[in-house]
$ cat query.txt   # compact mmCIF, C-alpha atoms
# COMPACT_ATOMS: atom_id res chain seq x y z
CA MET A 1 -16.91 -1.46 -9.45
CA THR A 2 -16.85 -1.46 -13.23
CA SER A 3 -13.46 -0.85 -14.75
CA LEU A 4 -12.90 2.51 -16.38
CA THR A 5 -11.05 3.45 -19.55
CA ILE A 6 -8.46 6.20 -19.37
CA SER A 7 -10.85 8.35 -21.40
CA SER A 8 -13.58 7.94 -18.79
CA VAL A 9 -11.04 8.64 -16.01
CA ASN A 10 -10.15 11.91 -17.74
CA SER A 11 -13.81 12.92 -17.98
CA LEU A 12 -14.72 12.24 -14.33
CA GLY A 13 -15.72 15.17 -12.18
CA ASP A 14 -13.15 16.18 -9.57
CA ASP A 15 -15.13 14.68 -6.68
CA GLN A 16 -15.64 11.43 -8.59
CA PHE A 17 -11.95 11.14 -9.45
CA GLU A 18 -10.90 11.84 -5.87
CA SER A 19 -13.43 9.36 -4.53
CA ILE A 20 -12.51 6.56 -6.95
CA PHE A 21 -8.74 6.99 -6.51
CA GLY A 22 -8.83 8.15 -2.89
CA ASN A 23 -7.52 4.87 -1.50
CA VAL A 24 -5.04 3.71 -4.14
CA ILE A 25 -2.54 4.84 -1.52
CA GLU A 26 -4.01 3.56 1.75
CA HIS A 27 -6.00 6.32 3.52
CA CYS A 28 -4.25 9.04 1.48
CA LYS A 29 -6.97 11.01 -0.26
CA ILE A 30 -4.62 13.99 -0.69
CA ALA A 31 -2.70 11.95 -3.28
CA SER A 32 -5.83 11.68 -5.45
CA VAL A 33 -6.47 15.42 -5.02
CA THR A 34 -2.91 16.18 -6.15
CA VAL A 35 -2.90 13.71 -9.05
CA ASN A 36 -6.35 14.89 -10.18
CA ARG A 37 -4.79 18.26 -11.08
CA LEU A 38 -2.52 16.53 -13.62
CA ARG A 39 -5.31 15.24 -15.86
CA PRO A 40 -5.69 14.38 -18.67
CA PHE A 41 -3.58 11.21 -18.79
CA LYS A 42 -2.58 9.55 -22.06
CA ASN A 43 -2.84 6.03 -20.64
CA VAL A 44 -3.00 4.04 -17.41
CA ASN A 45 0.81 3.99 -17.12
CA GLU A 46 0.87 7.78 -17.06
CA LEU A 47 -1.78 7.73 -14.32
CA CYS A 48 0.28 5.20 -12.31
CA ASP A 49 3.42 7.30 -12.85
CA ALA A 50 1.63 10.37 -11.47
CA PHE A 51 0.89 8.56 -8.19
CA GLN A 52 4.47 7.19 -8.06
CA LYS A 53 5.82 10.71 -8.60
CA TYR A 54 3.58 11.96 -5.80
CA LEU A 55 5.17 9.40 -3.45
CA ASP A 56 8.67 10.37 -4.61
CA GLU A 57 8.13 14.09 -4.07
CA ILE A 58 6.51 14.21 -0.63
CA ASN A 59 8.73 14.85 2.37
CA GLU A 60 9.82 12.27 4.92
CA GLN A 61 7.10 13.19 7.44
CA GLU A 62 4.43 12.68 4.78
CA LYS A 63 6.02 9.36 3.79
CA LEU A 64 5.97 8.28 7.43
CA ALA A 65 2.30 9.23 7.70
CA ILE A 66 1.53 7.03 4.68
CA LEU A 67 3.53 4.12 6.12
CA LYS A 68 1.78 4.48 9.48
CA SER A 69 -1.65 4.48 7.81
CA HIS A 70 -1.20 0.89 6.63
CA PRO A 71 -2.64 -1.93 8.72
CA ASP A 72 -0.60 -4.75 10.22
CA LEU A 73 -0.60 -7.82 8.03
CA ALA A 74 -3.07 -10.34 9.53
CA GLY A 75 -3.46 -7.97 12.50
CA ARG A 76 -6.31 -6.85 14.75
CA LEU A 77 -8.11 -4.87 12.04
CA ALA A 78 -8.16 -7.92 9.78
CA LEU A 79 -9.51 -10.09 12.60
CA ARG A 80 -12.28 -7.57 13.30
CA GLY A 81 -13.11 -7.16 9.59
CA GLU A 82 -12.15 -3.48 9.69
CA LEU A 83 -9.66 -3.33 6.81
CA THR A 84 -10.41 -1.30 3.70
CA PRO A 85 -11.89 -3.46 0.93
CA GLU A 86 -8.60 -3.18 -0.97
CA SER A 87 -6.49 -4.35 2.00
CA THR A 88 -8.92 -7.17 2.74
CA GLU A 89 -8.61 -8.53 -0.79
CA GLU A 90 -4.82 -8.09 -0.87
CA GLN A 91 -4.30 -9.90 2.42
CA ARG A 92 -6.68 -12.65 1.32
CA SER A 93 -4.76 -13.12 -1.95
CA ALA A 94 -1.57 -13.69 0.05
CA GLY A 95 -3.27 -16.30 2.25
CA LEU A 96 -3.16 -14.15 5.38
CA HIS A 97 -6.80 -14.88 6.23
CA ASP A 98 -6.04 -18.56 6.70
CA LEU A 99 -2.97 -18.71 8.95
CA SER A 100 -2.23 -21.64 11.23
CA GLU A 101 -1.94 -20.83 14.94
CA GLU A 102 1.84 -21.08 14.64
CA GLN A 103 1.95 -18.74 11.63
CA LYS A 104 -0.38 -16.27 13.35
CA LEU A 105 1.82 -16.17 16.44
CA LEU A 106 4.95 -15.73 14.31
CA MET A 107 3.28 -13.00 12.23
CA ASP A 108 2.11 -11.13 15.35
CA THR A 109 5.50 -11.42 17.03
CA ARG A 110 7.46 -10.26 13.98
CA ASN A 111 4.97 -7.46 13.20
CA GLU A 112 5.24 -6.15 16.76
CA ARG A 113 9.05 -6.36 16.83
CA TYR A 114 9.25 -4.58 13.47
CA LYS A 115 6.85 -1.82 14.56
CA LEU A 116 8.76 -1.26 17.81
CA LYS A 117 12.01 -0.81 15.88
CA PHE A 118 10.75 1.37 13.01
CA GLY A 119 7.61 3.06 14.36
CA PHE A 120 5.39 1.96 11.46
CA PRO A 121 3.92 -1.32 10.24
CA PHE A 122 5.76 -3.71 7.95
CA ILE A 123 4.59 -3.07 4.40
CA ILE A 124 4.97 -5.51 1.56
CA CYS A 125 2.95 -5.89 -1.61
CA ALA A 126 0.79 -8.82 -0.53
CA ARG A 127 -0.29 -9.54 -4.11
CA GLU A 128 3.30 -10.42 -4.96
CA ASN A 129 3.81 -12.62 -1.89
CA LYS A 130 2.42 -15.51 0.10
CA VAL A 131 2.56 -16.20 3.84
CA GLN A 132 6.06 -17.71 3.92
CA SER A 133 7.69 -14.92 1.88
CA ILE A 134 5.95 -12.29 4.04
CA LEU A 135 7.23 -13.93 7.23
CA GLN A 136 10.70 -14.12 5.67
CA GLY A 137 10.48 -10.47 4.61
CA LEU A 138 9.59 -9.46 8.17
CA GLN A 139 12.65 -11.35 9.38
CA ASN A 140 15.06 -10.04 6.74
CA ARG A 141 13.94 -6.41 6.65
CA TYR A 142 14.16 -6.12 10.43
CA ASN A 143 17.93 -5.89 9.87
CA ASN A 144 17.61 -2.80 7.65
CA ASP A 145 18.35 0.65 9.02
CA TYR A 146 15.56 3.18 9.54
CA GLN A 147 16.15 5.21 6.35
CA GLN A 148 16.48 2.11 4.22
CA GLU A 149 13.20 0.78 5.60
CA ILE A 150 11.34 4.03 4.87
CA GLU A 151 12.53 3.81 1.26
CA THR A 152 11.69 0.10 1.01
CA GLY A 153 8.26 0.66 2.54
CA ILE A 154 7.47 3.45 0.06
CA GLU A 155 8.62 1.25 -2.84
CA GLU A 156 6.17 -1.41 -1.63
CA VAL A 157 3.41 1.24 -1.37
CA LYS A 158 4.12 2.10 -5.03
CA LYS A 159 3.57 -1.52 -6.04
CA ILE A 160 0.34 -1.72 -4.04
CA CYS A 161 -0.83 1.58 -5.58
CA LYS A 162 -0.19 0.35 -9.13
CA PHE A 163 -2.15 -2.87 -8.56
CA ARG A 164 -5.03 -0.86 -7.11
CA ILE A 165 -5.08 1.49 -10.10
CA LEU A 166 -4.99 -1.46 -12.51
CA ASN A 167 -8.04 -2.85 -10.71
CA ILE A 168 -9.88 0.37 -11.55
CA VAL A 169 -8.59 1.30 -15.01
CA LYS A 170 -8.39 -1.01 -18.00
CA GLU A 171 -6.87 -0.06 -21.35
$ encode --input "query.txt" --output "structure tokens"
Amino acid sequence: MTSLTISSVNSLGDDQFESIFGNVIEHCKIASVTVNRLRPFKNVNELCDAFQKYLDEINEQEKLAILKSHPDLAGRLALRGELTPESTEEQRSAGLHDLSEEQKLLMDTRNERYKLKFGFPFIICARENKVQSILQGLQNRYNNDYQQEIETGIEEVKKICKFRILNIVKE
């Protein structure tokens, strides 16, 4: 996809905007519908802030739905090639497509343990991490309490969202 200017973002039709930004928060098209209503934006930071604000203002059930919509890192969907294009690229950038057997087993074990405890997948901004830091994050964050992990997961979703927007919009 060609990168857009903020001016061209502001002049998109509603359907175009919602389609282009419909997965900046994984499988959460309603975010793009909500943010679309706030146009025009002065710059890309204002656009990013609108999505961040959306995440801050939704209720806990909606936050949980967003967390649950994320795929496991290096999980079954990745193995079957069924991730969204954005998730595929993010996991690839972190080196998750090229795990050793030992790393894969450790990743699967820690992902499963984490999901059993919290009820949603472990979420970390893969673009800011590599395999070892992701494995360490799985280990460390397992010790968090439920509420803390919802907040941490949403903060990671915000980072992912911003990177995805910056892939679409250039100043």
$ closest_residue --input "query.txt" --among "A:Lys130, A:Lys29, A:Arg164, A:Arg80" --to "Leu96 (chain A)" --atoms "all atoms listed in the file"
A:Lys130
$ closest_residue --input "query.txt" --among "A:Arg92, A:Ile134, A:Ile168, A:Asn23" --to "Leu106 (chain A)" --atoms "only C-alpha atoms"
A:Ile134
$ closest_residue --input "query.txt" --among "A:Ile150, A:Phe122, A:His97, A:Leu67" --to "Gly81 (chain A)" --atoms "all atoms listed in the file"
A:His97
$ closest_residue --input "query.txt" --among "A:Arg110, A:Glu57, A:Leu73, A:Glu151" --to "Glu89 (chain A)" --atoms "all atoms listed in the file"
A:Leu73
$ atom_distance --input "query.txt" --atom1 "CA of Ala94 (chain A)" --atom2 "CA of Asn129 (chain A)"
5.8 Å
$ closest_residue --input "query.txt" --among "A:Ala74, A:Leu4, A:Leu138, A:Val24" --to "Phe163 (chain A)" --atoms "only C-alpha atoms"
A:Val24
$ closest_residue --input "query.txt" --among "A:Lys158, A:Leu47, A:Gly75, A:Asp56" --to "Glu112 (chain A)" --atoms "only C-alpha atoms"
A:Gly75
$ residues_around --input "query.txt" --residues "Tyr142 (chain A)" --least-positions-apart "5" --cutoff "9 Å" --atoms "all atoms listed in the file" --output "PyMOL selection string"
chain A and resi 110+113-114+117-118+137+149
$ write_last_selection --input "query.txt" --atoms "C-alpha atoms" --output "PDB file, in the coordinates of the input"
ATOM      1  CA  ARG A 110       7.460 -10.260  13.980  1.00  0.00           C
ATOM      2  CA  ARG A 113       9.050  -6.360  16.830  1.00  0.00           C
ATOM      3  CA  TYR A 114       9.250  -4.580  13.470  1.00  0.00           C
ATOM      4  CA  LYS A 117      12.010  -0.810  15.880  1.00  0.00           C
ATOM      5  CA  PHE A 118      10.750   1.370  13.010  1.00  0.00           C
ATOM      6  CA  GLY A 137      10.480 -10.470   4.610  1.00  0.00           C
ATOM      7  CA  GLU A 149      13.200   0.780   5.600  1.00  0.00           C
TER       8      GLU A 149
END
$ axis_aligned_box --input "query.txt" --around "region 119-138 of chain A" --padding-each-side "3 Å" --output "AutoDock Vina command-line options"
--center_x 5.2 --center_y -7.3 --center_z 4.7 --size_x 17.0 --size_y 26.8 --size_z 25.3
$ residues_near_point --input "query.txt" --point "(4.1, 0.1, -7.1)" --cutoff "10 Å" --atoms "all atoms listed in the file" --output "count of residues only"
18
$ residues_around --input "query.txt" --residues "Tyr54 (chain A)" --least-positions-apart "4" --cutoff "9 Å" --atoms "only C-alpha atoms" --output "JSON, numbers by chain"
{"A": [31, 34, 35, 49, 50, 58]}
$ write_last_selection --input "query.txt" --atoms "C-alpha atoms" --output "mmCIF file, in the coordinates of the input"
data_model
loop_
_atom_site.group_PDB
_atom_site.id
_atom_site.type_symbol
_atom_site.label_atom_id
_atom_site.label_comp_id
_atom_site.auth_asym_id
_atom_site.auth_seq_id
_atom_site.Cartn_x
_atom_site.Cartn_y
_atom_site.Cartn_z
ATOM 1 C CA ALA A 31 -2.700 11.950 -3.280
ATOM 2 C CA THR A 34 -2.910 16.180 -6.150
ATOM 3 C CA VAL A 35 -2.900 13.710 -9.050
ATOM 4 C CA ASP A 49 3.420 7.300 -12.850
ATOM 5 C CA ALA A 50 1.630 10.370 -11.470
ATOM 6 C CA ILE A 58 6.510 14.210 -0.630
#
$ atom_distance --input "query.txt" --atom1 "CA of Arg37 (chain A)" --atom2 "CA of Glu18 (chain A)"
10.3 Å
$ residues_around --input "query.txt" --residues "Asp14 (chain A)" --least-positions-apart "4" --cutoff "12 Å" --atoms "only C-alpha atoms" --output "PyMOL selection string"
chain A and resi 9-10+18-22+32-40
$ atom_distance --input "query.txt" --atom1 "CA of Asp72 (chain A)" --atom2 "CA of Glu86 (chain A)"
13.8 Å
$ decode --input "query.txt" --residues "region 90-102 of chain A" --atoms "all heavy atoms" --output "compact mmCIF listing (two decimals), in the first residue's frame"
# COMPACT_ATOMS: atom_id res chain seq x y z
N GLU A 90 4.96 -8.23 11.75
CA GLU A 90 5.45 -7.91 13.09
C GLU A 90 6.16 -9.10 13.72
O GLU A 90 7.24 -8.96 14.31
CB GLU A 90 4.28 -7.43 13.96
CG GLU A 90 3.77 -6.07 13.53
CD GLU A 90 2.33 -5.79 13.91
OE1 GLU A 90 1.65 -6.65 14.52
OE2 GLU A 90 1.87 -4.68 13.58
N GLN A 91 5.56 -10.28 13.60
CA GLN A 91 6.18 -11.47 14.19
C GLN A 91 7.48 -11.81 13.46
O GLN A 91 8.46 -12.20 14.08
CB GLN A 91 5.19 -12.64 14.20
CG GLN A 91 4.06 -12.41 15.19
CD GLN A 91 3.31 -13.67 15.57
OE1 GLN A 91 3.83 -14.77 15.50
NE2 GLN A 91 2.07 -13.50 16.01
N ARG A 92 7.48 -11.61 12.16
CA ARG A 92 8.71 -11.85 11.38
C ARG A 92 9.82 -10.89 11.83
O ARG A 92 10.97 -11.29 11.99
CB ARG A 92 8.43 -11.68 9.89
CG ARG A 92 9.63 -11.99 9.00
CD ARG A 92 9.33 -11.86 7.53
NE ARG A 92 8.10 -12.52 7.09
CZ ARG A 92 7.97 -13.83 6.87
NH1 ARG A 92 8.98 -14.63 7.07
NH2 ARG A 92 6.82 -14.33 6.47
N SER A 93 9.48 -9.63 12.05
CA SER A 93 10.50 -8.64 12.44
C SER A 93 11.13 -8.98 13.79
O SER A 93 12.27 -8.60 14.06
CB SER A 93 9.91 -7.23 12.46
OG SER A 93 9.10 -7.02 13.60
N ALA A 94 10.39 -9.69 14.63
CA ALA A 94 10.92 -10.08 15.94
C ALA A 94 11.69 -11.40 15.88
O ALA A 94 12.28 -11.83 16.86
CB ALA A 94 9.78 -10.21 16.94
N GLY A 95 11.69 -12.05 14.71
CA GLY A 95 12.39 -13.32 14.56
C GLY A 95 11.56 -14.53 14.96
O GLY A 95 12.09 -15.63 15.11
N LEU A 96 10.25 -14.35 15.12
CA LEU A 96 9.40 -15.45 15.59
C LEU A 96 9.10 -16.49 14.52
O LEU A 96 8.61 -17.56 14.83
CB LEU A 96 8.09 -14.89 16.16
CG LEU A 96 8.25 -14.02 17.41
CD1 LEU A 96 6.92 -13.43 17.82
CD2 LEU A 96 8.87 -14.81 18.55
N HIS A 97 9.44 -16.19 13.29
CA HIS A 97 9.22 -17.15 12.20
C HIS A 97 10.37 -18.15 12.09
O HIS A 97 10.29 -19.11 11.34
CB HIS A 97 9.05 -16.40 10.88
CG HIS A 97 10.30 -15.71 10.44
ND1 HIS A 97 10.82 -14.64 11.13
CD2 HIS A 97 11.14 -15.96 9.41
CE1 HIS A 97 11.94 -14.25 10.54
NE2 HIS A 97 12.16 -15.02 9.49
N ASP A 98 11.41 -17.93 12.85
CA ASP A 98 12.62 -18.72 12.71
C ASP A 98 13.11 -19.23 14.06
O ASP A 98 14.29 -19.12 14.39
CB ASP A 98 13.69 -17.83 12.04
CG ASP A 98 14.82 -18.65 11.46
OD1 ASP A 98 14.60 -19.82 11.11
OD2 ASP A 98 15.94 -18.10 11.35
N LEU A 99 12.20 -19.78 14.86
CA LEU A 99 12.56 -20.27 16.19
C LEU A 99 13.23 -21.64 16.11
O LEU A 99 12.86 -22.46 15.27
CB LEU A 99 11.31 -20.40 17.07
CG LEU A 99 10.52 -19.12 17.38
CD1 LEU A 99 9.27 -19.47 18.17
CD2 LEU A 99 11.36 -18.12 18.12
N SER A 100 14.14 -21.89 17.03
CA SER A 100 14.69 -23.24 17.16
C SER A 100 13.60 -24.11 17.80
O SER A 100 12.62 -23.60 18.33
CB SER A 100 15.93 -23.20 18.07
OG SER A 100 15.55 -22.90 19.40
N GLU A 101 13.79 -25.41 17.75
CA GLU A 101 12.81 -26.31 18.38
C GLU A 101 12.66 -26.00 19.86
O GLU A 101 11.55 -25.99 20.40
CB GLU A 101 13.22 -27.78 18.19
CG GLU A 101 12.94 -28.31 16.80
CD GLU A 101 11.47 -28.23 16.42
OE1 GLU A 101 10.60 -28.59 17.24
OE2 GLU A 101 11.19 -27.77 15.30
N GLU A 102 13.76 -25.72 20.52
CA GLU A 102 13.75 -25.41 21.95
C GLU A 102 12.99 -24.11 22.22
O GLU A 102 12.16 -24.04 23.13
CB GLU A 102 15.19 -25.30 22.46
CG GLU A 102 15.29 -25.03 23.95
CD GLU A 102 16.74 -24.86 24.39
OE1 GLU A 102 17.65 -25.43 23.74
OE2 GLU A 102 16.94 -24.15 25.40
